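Have a look at run-v9.pdb; it's PDB, C-alpha atoms and all ligand atoms:
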```pdb
ATOM      1  CA  MET N 490     -85.772 179.381   8.642
ATOM      2  CA  ILE N 491     -83.511 181.767  10.510
ATOM      3  CA  ILE N 492     -85.698 184.291  12.273
ATOM      4  CA  ILE N 493     -84.115 187.516  13.469
ATOM      5  CA  ALA N 494     -86.464 189.162  15.969
ATOM      6  CA  GLU N 495     -86.932 192.867  15.201
ATOM      7  CA  ARG N 496     -88.207 194.403  18.436
ATOM      8  CA  ILE N 497     -85.017 195.596  20.140
ATOM      9  CA  ASN N 498     -84.848 198.651  17.920
ATOM     10  CA  GLY N 499     -84.761 202.268  19.076
ATOM     11  CA  MET N 500     -87.432 202.999  16.460
ATOM     12  CA  PHE N 501     -89.974 201.568  18.932
ATOM     13  CA  ALA N 502     -91.063 204.018  21.642
ATOM     14  CA  ASP N 503     -90.591 201.593  24.566
ATOM     15  CA  VAL N 504     -87.027 200.729  23.509
ATOM     16  CA  LYS N 505     -86.192 204.372  22.845
ATOM     17  CA  LYS N 506     -87.376 205.262  26.347
ATOM     18  CA  ALA N 507     -85.524 202.310  27.914
ATOM     19  CA  ILE N 508     -82.314 203.504  26.244
ATOM     20  CA  ALA N 509     -82.839 207.082  27.477
ATOM     21  CA  ASP N 510     -83.621 205.870  31.041
ATOM     22  CA  LYS N 511     -80.925 203.142  31.016
ATOM     23  CA  ASP N 512     -83.681 200.736  32.003
ATOM     24  CA  LYS N 513     -82.289 197.259  31.348
ATOM     25  CA  LYS N 514     -85.440 195.416  32.389
ATOM     26  CA  VAL N 515     -87.470 196.483  29.336
ATOM     27  CA  ILE N 516     -84.716 195.229  27.021
ATOM     28  CA  GLN N 517     -84.189 191.992  28.924
ATOM     29  CA  GLU N 518     -87.903 191.256  28.923
ATOM     30  CA  LEU N 519     -88.029 191.745  25.134
ATOM     31  CA  ALA N 520     -84.990 189.503  24.727
ATOM     32  CA  LYS N 521     -86.560 186.693  26.755
ATOM     33  CA  LYS N 522     -90.011 186.967  25.211
ATOM     34  CA  GLN N 523     -88.691 187.051  21.657
ATOM     35  CA  THR N 524     -86.539 184.019  22.393
ATOM     36  CA  GLU N 525     -89.576 182.143  23.722
ATOM     37  CA  ALA N 526     -91.522 183.161  20.611
ATOM     38  CA  GLY N 527     -88.968 181.451  18.368
ATOM     39  CA  ALA N 528     -86.212 183.988  17.607
ATOM     40  CA  THR N 529     -83.010 182.464  16.209
ATOM     41  CA  TYR N 530     -81.225 185.808  16.588
ATOM     42  CA  LEU N 531     -82.130 189.065  18.316
ATOM     43  CA  ASP N 532     -81.709 192.158  16.142
ATOM     44  CA  VAL N 533     -80.224 195.044  18.128
ATOM     45  CA  ASN N 534     -80.567 198.519  16.638
ATOM     46  CA  VAL N 535     -79.947 201.625  18.752
ATOM     47  CA  GLY N 536     -82.202 203.792  16.589
ATOM     48  CA  THR N 537     -81.480 207.361  15.659
ATOM     49  CA  ALA N 538     -82.202 209.111  18.959
ATOM     50  CA  ALA N 539     -79.392 207.612  21.061
ATOM     51  CA  ALA N 540     -76.824 210.266  21.982
ATOM     52  CA  ASP N 541     -73.842 207.931  21.867
ATOM     53  CA  GLN N 542     -74.681 205.091  19.462
ATOM     54  CA  GLU N 543     -71.523 203.083  20.200
ATOM     55  CA  ALA N 544     -71.965 203.133  23.978
ATOM     56  CA  THR N 545     -75.667 202.379  23.580
ATOM     57  CA  MET N 546     -75.005 199.361  21.364
ATOM     58  CA  GLN N 547     -72.558 198.000  23.924
ATOM     59  CA  TRP N 548     -74.999 198.584  26.768
ATOM     60  CA  LEU N 549     -77.840 196.833  24.914
ATOM     61  CA  VAL N 550     -75.684 193.794  24.126
ATOM     62  CA  GLU N 551     -74.516 193.517  27.734
ATOM     63  CA  ALA N 552     -78.058 193.846  29.068
ATOM     64  CA  ILE N 553     -79.350 191.121  26.723
ATOM     65  CA  GLN N 554     -76.516 188.696  27.444
ATOM     66  CA  GLU N 555     -77.152 188.954  31.179
ATOM     67  CA  THR N 556     -80.490 187.229  30.685
ATOM     68  CA  CYS N 557     -80.325 185.053  27.596
ATOM     69  CA  SER N 558     -77.895 183.352  25.253
ATOM     70  CA  THR N 559     -79.786 183.912  22.006
ATOM     71  CA  PRO N 560     -77.240 185.066  19.433
ATOM     72  CA  ILE N 561     -77.279 188.730  18.533
ATOM     73  CA  CYS N 562     -77.635 190.502  15.191
ATOM     74  CA  LEU N 563     -75.863 193.855  15.513
ATOM     75  CA  ASP N 564     -77.881 196.255  13.358
ATOM     76  CA  SER N 565     -76.143 199.422  12.213
ATOM     77  CA  GLN N 566     -74.743 200.711   8.955
ATOM     78  CA  LYS N 567     -71.900 202.355  10.901
ATOM     79  CA  PRO N 568     -68.833 200.128  11.243
ATOM     80  CA  GLY N 569     -67.946 201.883  14.524
ATOM     81  CA  VAL N 570     -71.276 200.948  16.100
ATOM     82  CA  ILE N 571     -70.869 197.326  14.963
ATOM     83  CA  ALA N 572     -67.325 197.283  16.398
ATOM     84  CA  ALA N 573     -68.636 198.588  19.727
ATOM     85  CA  GLY N 574     -71.233 195.809  19.818
ATOM     86  CA  LEU N 575     -68.573 193.240  18.989
ATOM     87  CA  LYS N 576     -66.568 194.281  22.045
ATOM     88  CA  ALA N 577     -69.387 193.058  24.250
ATOM     89  CA  VAL N 578     -70.868 190.245  22.183
ATOM     90  CA  ASP N 579     -70.256 186.570  22.842
ATOM     91  CA  ALA N 580     -69.336 185.734  19.231
ATOM     92  CA  ASP N 581     -68.794 182.025  20.006
ATOM     93  CA  ASN N 582     -72.567 181.891  20.300
ATOM     94  CA  GLY N 583     -72.938 183.194  16.752
ATOM     95  CA  VAL N 584     -73.356 186.801  15.667
ATOM     96  CA  ILE N 585     -74.566 188.656  12.573
ATOM     97  CA  LEU N 586     -73.166 192.011  11.482
ATOM     98  CA  ASN N 587     -76.160 193.837   9.943
ATOM     99  CA  SER N 588     -75.708 195.582   7.528
ATOM    100  CA  THR N 589     -73.376 196.901   4.878
ATOM    101  CA  PRO N 590     -73.943 197.954   1.275
ATOM    102  CA  LEU N 591     -71.433 196.917  -1.423
ATOM    103  CA  ASN N 592     -69.900 200.378  -1.125
ATOM    104  CA  ARG N 593     -70.847 203.888  -0.168
ATOM    105  CA  LYS N 594     -70.007 207.328  -1.551
ATOM    106  CA  ASP N 595     -68.216 208.279   1.659
ATOM    107  CA  ASP N 596     -66.785 204.794   2.283
ATOM    108  CA  ASP N 597     -65.699 202.654  -0.628
ATOM    109  CA  GLU N 598     -64.320 200.016   1.735
ATOM    110  CA  ILE N 599     -67.306 199.455   3.981
ATOM    111  CA  LEU N 600     -67.939 195.852   2.885
ATOM    112  CA  ASP N 601     -64.243 195.049   3.428
ATOM    113  CA  LYS N 602     -64.535 196.465   6.948
ATOM    114  CA  PHE N 603     -67.546 194.297   7.738
ATOM    115  CA  ILE N 604     -65.807 191.192   6.359
ATOM    116  CA  GLU N 605     -62.708 191.935   8.424
ATOM    117  CA  MET N 606     -64.739 192.471  11.593
ATOM    118  CA  ALA N 607     -66.598 189.183  10.996
ATOM    119  CA  GLU N 608     -63.343 187.341  10.432
ATOM    120  CA  GLN N 609     -61.931 188.739  13.646
ATOM    121  CA  ALA N 610     -65.057 187.772  15.552
ATOM    122  CA  GLY N 611     -64.549 184.106  14.608
ATOM    123  CA  PRO N 612     -66.091 181.371  12.468
ATOM    124  CA  LYS N 613     -69.628 181.837  13.749
ATOM    125  CA  ALA N 614     -69.864 185.452  12.637
ATOM    126  CA  SER N 615     -71.911 186.239   9.514
ATOM    127  CA  ILE N 616     -72.750 189.479   7.750
ATOM    128  CA  ILE N 617     -75.875 190.878   6.129
ATOM    129  CA  THR N 618     -75.108 192.813   2.956
ATOM    130  CA  LEU N 619     -77.661 194.996   1.232
ATOM    131  CA  THR N 620     -77.948 194.985  -2.560
ATOM    132  CA  MET N 621     -77.123 198.658  -2.508
ATOM    133  CA  ASP N 622     -74.114 200.651  -3.621
ATOM    134  CA  LYS N 623     -72.886 204.239  -3.858
ATOM    135  CA  ASN N 624     -75.761 205.023  -6.213
ATOM    136  CA  GLY N 625     -78.325 204.075  -3.570
ATOM    137  CA  VAL N 626     -81.067 201.476  -3.488
ATOM    138  CA  PRO N 627     -81.731 199.949  -6.911
ATOM    139  CA  GLN N 628     -85.318 199.900  -8.070
ATOM    140  CA  ASP N 629     -84.983 197.117 -10.641
ATOM    141  CA  THR N 630     -84.190 193.420 -10.536
ATOM    142  CA  ASP N 631     -81.051 193.410 -12.689
ATOM    143  CA  THR N 632     -79.153 195.986 -10.636
ATOM    144  CA  ARG N 633     -80.039 194.160  -7.415
ATOM    145  CA  VAL N 634     -78.682 190.900  -8.849
ATOM    146  CA  ALA N 635     -75.577 192.577 -10.294
ATOM    147  CA  ILE N 636     -74.733 194.114  -6.915
ATOM    148  CA  ALA N 637     -75.371 190.796  -5.159
ATOM    149  CA  ALA N 638     -72.984 189.123  -7.626
ATOM    150  CA  GLU N 639     -70.299 191.696  -6.814
ATOM    151  CA  ILE N 640     -70.832 191.091  -3.105
ATOM    152  CA  VAL N 641     -70.459 187.332  -3.489
ATOM    153  CA  SER N 642     -67.365 187.623  -5.685
ATOM    154  CA  LYS N 643     -65.745 190.095  -3.287
ATOM    155  CA  ALA N 644     -66.360 187.698  -0.395
ATOM    156  CA  MET N 645     -64.840 184.830  -2.380
ATOM    157  CA  GLU N 646     -61.790 186.927  -3.322
ATOM    158  CA  LYS N 647     -61.229 187.651   0.338
ATOM    159  CA  GLY N 648     -61.630 183.990   1.259
ATOM    160  CA  PHE N 649     -64.826 184.726   3.160
ATOM    161  CA  ASP N 650     -67.213 181.757   2.887
ATOM    162  CA  PRO N 651     -70.348 182.850   0.935
ATOM    163  CA  GLN N 652     -72.345 180.808   3.436
ATOM    164  CA  ARG N 653     -71.476 183.422   6.007
ATOM    165  CA  LEU N 654     -73.190 186.027   3.817
ATOM    166  CA  PHE N 655     -76.832 187.001   4.026
ATOM    167  CA  ILE N 656     -77.886 188.946   0.933
ATOM    168  CA  ASP N 657     -80.690 191.431   1.569
ATOM    169  CA  PRO N 658     -82.448 192.701  -1.581
ATOM    170  CA  ILE N 659     -83.970 195.581   0.455
ATOM    171  CA  VAL N 660     -87.698 195.475   0.939
ATOM    172  CA  LEU N 661     -89.499 198.797   0.503
ATOM    173  CA  PRO N 662     -93.016 199.642   1.716
ATOM    174  CA  VAL N 663     -95.588 198.518  -0.838
ATOM    175  CA  LYS N 664     -97.711 201.547   0.004
ATOM    176  CA  VAL N 665     -95.181 204.083  -1.300
ATOM    177  CA  PRO N 666     -96.452 205.588  -4.576
ATOM    178  CA  ASN N 667     -94.981 203.790  -7.592
ATOM    179  CA  ALA N 668     -93.382 201.160  -5.347
ATOM    180  CA  GLN N 669     -95.967 198.494  -5.842
ATOM    181  CA  VAL N 670     -93.783 196.708  -8.405
ATOM    182  CA  GLN N 671     -91.018 196.292  -5.810
ATOM    183  CA  PRO N 672     -92.150 193.137  -3.999
ATOM    184  CA  GLY N 673     -92.388 191.355  -7.370
ATOM    185  CA  ASN N 674     -88.965 192.680  -8.390
ATOM    186  CA  ILE N 675     -87.485 191.414  -5.148
ATOM    187  CA  LEU N 676     -88.913 187.930  -5.672
ATOM    188  CA  THR N 677     -87.468 187.825  -9.193
ATOM    189  CA  ALA N 678     -84.097 188.989  -7.859
ATOM    190  CA  MET N 679     -84.162 186.190  -5.268
ATOM    191  CA  ASP N 680     -84.672 183.611  -8.022
ATOM    192  CA  GLN N 681     -81.276 184.663  -9.374
ATOM    193  CA  ILE N 682     -79.383 185.518  -6.194
ATOM    194  CA  ARG N 683     -79.751 181.977  -4.908
ATOM    195  CA  PHE N 684     -77.667 180.676  -7.809
ATOM    196  CA  LEU N 685     -74.732 183.067  -7.270
ATOM    197  CA  SER N 686     -72.853 180.469  -5.268
ATOM    198  CA  ASP N 687     -73.149 176.777  -4.521
ATOM    199  CA  PRO N 688     -74.163 176.284  -1.807
ATOM    200  CA  ALA N 689     -76.287 179.435  -2.054
ATOM    201  CA  PRO N 690     -75.661 182.497   0.086
ATOM    202  CA  HIS N 691     -78.312 183.039   2.718
ATOM    203  CA  MET N 692     -80.985 185.571   1.866
ATOM    204  CA  THR N 693     -82.752 187.774   4.375
ATOM    205  CA  VAL N 694     -85.225 190.667   4.350
ATOM    206  CA  GLY N 695     -86.532 193.283   6.753
ATOM    207  CA  LEU N 696     -90.001 191.808   6.428
ATOM    208  CA  SER N 697     -92.014 194.464   8.283
ATOM    209  CA  ASN N 698     -90.724 197.109   5.862
ATOM    210  CA  VAL N 699     -93.164 195.821   3.232
ATOM    211  CA  SER N 700     -96.247 196.782   5.233
ATOM    212  CA  GLN N 701     -95.065 200.051   6.795
ATOM    213  CA  GLY N 702     -97.867 202.583   6.784
ATOM    214  CA  ALA N 703    -100.373 200.063   5.403
ATOM    215  CA  MET N 704    -103.521 198.487   6.808
ATOM    216  CA  GLU N 705    -103.588 194.686   7.215
ATOM    217  CA  ARG N 706     -99.925 194.699   8.139
ATOM    218  CA  SER N 707     -99.783 191.178   9.457
ATOM    219  CA  LEU N 708    -101.544 189.746   6.413
ATOM    220  CA  ILE N 709     -99.205 191.548   4.027
ATOM    221  CA  ASN N 710     -96.157 190.384   6.011
ATOM    222  CA  ARG N 711     -97.384 186.799   6.138
ATOM    223  CA  VAL N 712     -98.207 186.464   2.466
ATOM    224  CA  PHE N 713     -94.989 188.126   1.310
ATOM    225  CA  LEU N 714     -92.997 185.866   3.627
ATOM    226  CA  ALA N 715     -94.594 182.714   2.194
ATOM    227  CA  MET N 716     -93.967 183.929  -1.359
ATOM    228  CA  ALA N 717     -90.343 184.782  -0.597
ATOM    229  CA  MET N 718     -89.699 181.489   1.183
ATOM    230  CA  SER N 719     -90.805 179.697  -1.976
ATOM    231  CA  ARG N 720     -88.056 181.623  -3.816
ATOM    232  CA  GLY N 721     -85.344 180.553  -1.425
ATOM    233  CA  LEU N 722     -85.540 183.126   1.353
ATOM    234  CA  ASP N 723     -84.077 181.354   4.380
ATOM    235  CA  SER N 724     -84.011 184.194   6.898
ATOM    236  CA  ALA N 725     -86.042 187.251   7.853
ATOM    237  CA  ILE N 726     -85.931 190.090  10.342
ATOM    238  CA  ALA N 727     -89.480 189.870  11.601
ATOM    239  CA  ASP N 728     -92.056 190.336  14.337
ATOM    240  CA  VAL N 729     -91.902 187.067  16.287
ATOM    241  CA  PHE N 730     -94.819 188.167  18.465
ATOM    242  CA  ASP N 731     -97.082 187.713  15.432
ATOM    243  CA  GLU N 732     -98.191 184.117  16.016
ATOM    244  CA  ASP N 733     -99.879 183.821  12.640
ATOM    245  CA  LEU N 734     -96.648 184.892  10.999
ATOM    246  CA  MET N 735     -94.669 182.291  12.939
ATOM    247  CA  ASN N 736     -97.208 179.671  11.865
ATOM    248  CA  VAL N 737     -96.622 180.702   8.246
ATOM    249  CA  VAL N 738     -92.885 180.177   8.801
ATOM    250  CA  ALA N 739     -93.477 176.682  10.185
ATOM    251  CA  THR N 740     -95.954 175.785   7.439
ATOM    252  CA  SER N 741     -93.728 177.089   4.624
ATOM    253  CA  ASP N 742     -90.773 175.122   6.027
ATOM    254  CA  MET N 743     -92.964 172.012   6.065
ATOM    255  CA  LEU N 744     -94.333 172.605   2.541
ATOM    256  CA  MET N 745     -90.785 173.220   1.258
ATOM    257  CA  ASN N 746     -89.821 169.839   2.775
ATOM    258  CA  LYS N 747     -87.465 171.426   5.310
ATOM    259  CA  GLN N 748     -89.416 169.932   8.164
ATOM    260  CA  ILE N 749     -91.106 166.543   8.090
ATOM    261  CA  TYR N 750     -94.902 166.539   7.974
ATOM    262  CA  SER N 751     -96.783 165.343  11.010
ATOM    263  CA  ASP N 752    -100.246 166.319  12.181
ATOM    264  CA  SER N 753     -98.580 168.277  14.957
ATOM    265  CA  PHE N 754     -96.015 170.033  12.723
ATOM    266  CA  LEU N 755     -96.806 173.449  14.238
ATOM    267  CA  LYS N 756     -96.104 172.221  17.745
ATOM    268  CA  VAL N 757     -92.984 170.372  16.618
ATOM    269  CA  TYR N 758     -91.672 173.509  14.901
ATOM    270  CA  ALA N 759     -92.304 175.589  18.014
ATOM    271  CA  SER N 760     -90.571 173.110  20.309
ATOM    272  CA  VAL N 761     -87.561 172.622  18.003
ATOM    273  CA  ASN N 762     -87.103 176.367  17.565
ATOM    274  CA  LYS N 763     -87.394 177.455  21.187
TER     275      LYS N 763
HETATM  276  N1  LIG I   1     -82.748 195.063   6.272
HETATM  277  C1  LIG I   1     -81.827 194.818   7.218
HETATM  278  N2  LIG I   1     -81.933 195.272   8.474
HETATM  279  C2  LIG I   1     -83.016 196.002   8.830
HETATM  280  C3  LIG I   1     -84.008 196.276   7.882
HETATM  281  C4  LIG I   1     -83.862 195.793   6.565
HETATM  282  N3  LIG I   1     -83.130 196.466  10.100
HETATM  283  C5  LIG I   1     -84.182 197.363  10.456
HETATM  284  C6  LIG I   1     -85.435 197.091   9.647
HETATM  285  N4  LIG I   1     -85.122 197.004   8.262
HETATM  286  C7  LIG I   1     -86.082 195.795  10.115
HETATM  287  N5  LIG I   1     -86.746 196.008  11.370
HETATM  288  C8  LIG I   1     -87.979 196.655  11.434
HETATM  289  C9  LIG I   1     -88.479 196.934  12.682
HETATM  290  C10 LIG I   1     -89.701 197.561  12.791
HETATM  291  C11 LIG I   1     -90.412 197.909  11.657
HETATM  292  C12 LIG I   1     -89.930 197.610  10.417
HETATM  293  C13 LIG I   1     -88.696 196.972  10.299
HETATM  294  C14 LIG I   1     -91.712 198.607  11.791
HETATM  295  N6  LIG I   1     -91.885 199.452  12.800
HETATM  296  C15 LIG I   1     -93.078 200.185  13.065
HETATM  297  C16 LIG I   1     -93.416 201.147  11.901
HETATM  298  O1  LIG I   1     -92.475 201.744  11.352
HETATM  299  O2  LIG I   1     -94.567 201.268  11.585
HETATM  300  C17 LIG I   1     -92.873 201.002  14.313
HETATM  301  C18 LIG I   1     -94.073 200.937  15.145
HETATM  302  C19 LIG I   1     -93.850 201.605  16.471
HETATM  303  O3  LIG I   1     -93.177 202.630  16.525
HETATM  304  O4  LIG I   1     -94.377 201.103  17.461
HETATM  305  O5  LIG I   1     -92.581 198.448  10.976
HETATM  306  O6  LIG I   1     -84.688 195.979   5.660
HETATM  307  N7  LIG I   1     -80.760 194.084   6.871
END
```

Target format structure tokens, applied to this file:
Amino acid sequence: MIIIAERINGMFADVKKAIADKDKKVIQELAKKQTEAGATYLDVNVGTAAADQEATMQWLVEAIQETCSTPICLDSQKPGVIAAGLKAVDADNGVILNSTPLNRKDDDEILDKFIEMAEQAGPKASIITLTMDKNGVPQDTDTRVAIAAEIVSKAMEKGFDPQRLFIDPIVLPVKVPNAQVQPGNILTAMDQIRFLSDPAPHMTVGLSNVSQGAMERSLINRVFLAMAMSRGLDSAIADVFDEDLMNVVATSDMLMNKQIYSDSFLKVYASVNK
């Protein structure tokens, strides 16, 4: 399971303040701790408050790379902010460009831009694409799958290996009125998205979205993660500081035969994924 640690995001008050104060230490501490907790990648999102998003992205990447070599997941829907991050990022280490829709009303070519930036960054660069287009976020399974199919075929046309694609079916908070059907729709979409190419494209989700505003957040996150992993989810943007959640990751990998069973499988998972 590819775990993208979510905490370096300007949506969190401590990160927002660190950005405003140019306080590297807070960011570096989060980078190190998330790495120790099992992060495969570190998500980096400047949030909405940053005055200059491009300069902030670059500053965050530089600060992180001074203290750890965990690959970075540049999180912005603005190609310019991704490009700024790429200037500083060590792409030979691996990098994810997160995220682009299939297309957007004001930018029909956004997916092409992300693919081009990933190609320029080198063979270890992947992209996360949302099953979303100029009409917005689909609410049903079929539209999600149809958009995912267009994403995969566009990548193939451009000679971009589908294995460098992470498809994100967009998880919405279960608590939103009338949205309670969404988690089920997403699982059904995953059943189909995994067969769009062989080998399958990666699939990822912003896991914590599902429990936003709800009680029992960790429980909701954990159960949805286990359900999604059984449908082929092989990556998630998640809270690595939630030990129970990380144990669910290890256990689901073991139950899905991705890691050999031993009585100490939890410890083995933790040591292999440090
Ligand atoms: N898909 C992709 N990228 C994403 C998302 C996605 N990036 C951002 C986000 N969604 C994933 N990251 C988070 C990070 C935090 C939370 C949810 C998703 C979260 N934050 C607390 C909240 O809103 O309640 C903030 C708490 C605080 O302020 O302290 O839940 O879907 N590709």

Check which residues of stretch 652-729 of chain N sit at most 7 Å from stretch 627-645 of chain N using only C-alpha atoms, and return one row each with the closest pair of atoms and their distance in Å to one decimal, ordered by chain and rising number, as a tab-separated table.
```
residue	atom	partner	partner_atom	distance
N:Ile656	CA	N:Ala637	CA	6.8
N:Pro658	CA	N:Arg633	CA	6.5
N:Asn674	CA	N:Thr630	CA	5.3
N:Ile675	CA	N:Thr630	CA	6.6
N:Thr677	CA	N:Thr630	CA	6.6
N:Ala678	CA	N:Thr630	CA	5.2
N:Gln681	CA	N:Val634	CA	6.8
N:Ile682	CA	N:Val634	CA	6.0
N:Leu685	CA	N:Ala638	CA	6.3
```

ask   = Once the PyMOL selection byres (((not hetatm)) within 8 of (chain I and resi 1)) has been applied to the shown file, what residues remain in the selection, as a VMD selection string?
value = chain N and resid 495 to 496 498 500 to 502 532 534 564 to 565 587 to 588 617 to 619 657 659 to 661 693 to 698 700 to 702 726 to 728

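With all atoms listed in the file as the atoms that count, the residue of N:Ala725, N:Ala507, N:Ala528, N:Ile493 with the shortest distance to N:Thr545 is N:Ala507.
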
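Taking all atoms listed in the file into account, N:Gln523 lies nearest to N:Asp731 out of the set N:Glu555, N:Asp731, N:Asp752, N:Asp742.
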
message = At a cut-off of 10 Å, using all atoms listed in the file, what residues contact stretch 601-614 of chain N? Leave out same-chain residues fewer than 6 positions from it and give the result as a ChimeraX atom specification.
response = /N:562,566-569,571-572,575-576,578-592,643-644,647-650,653-654
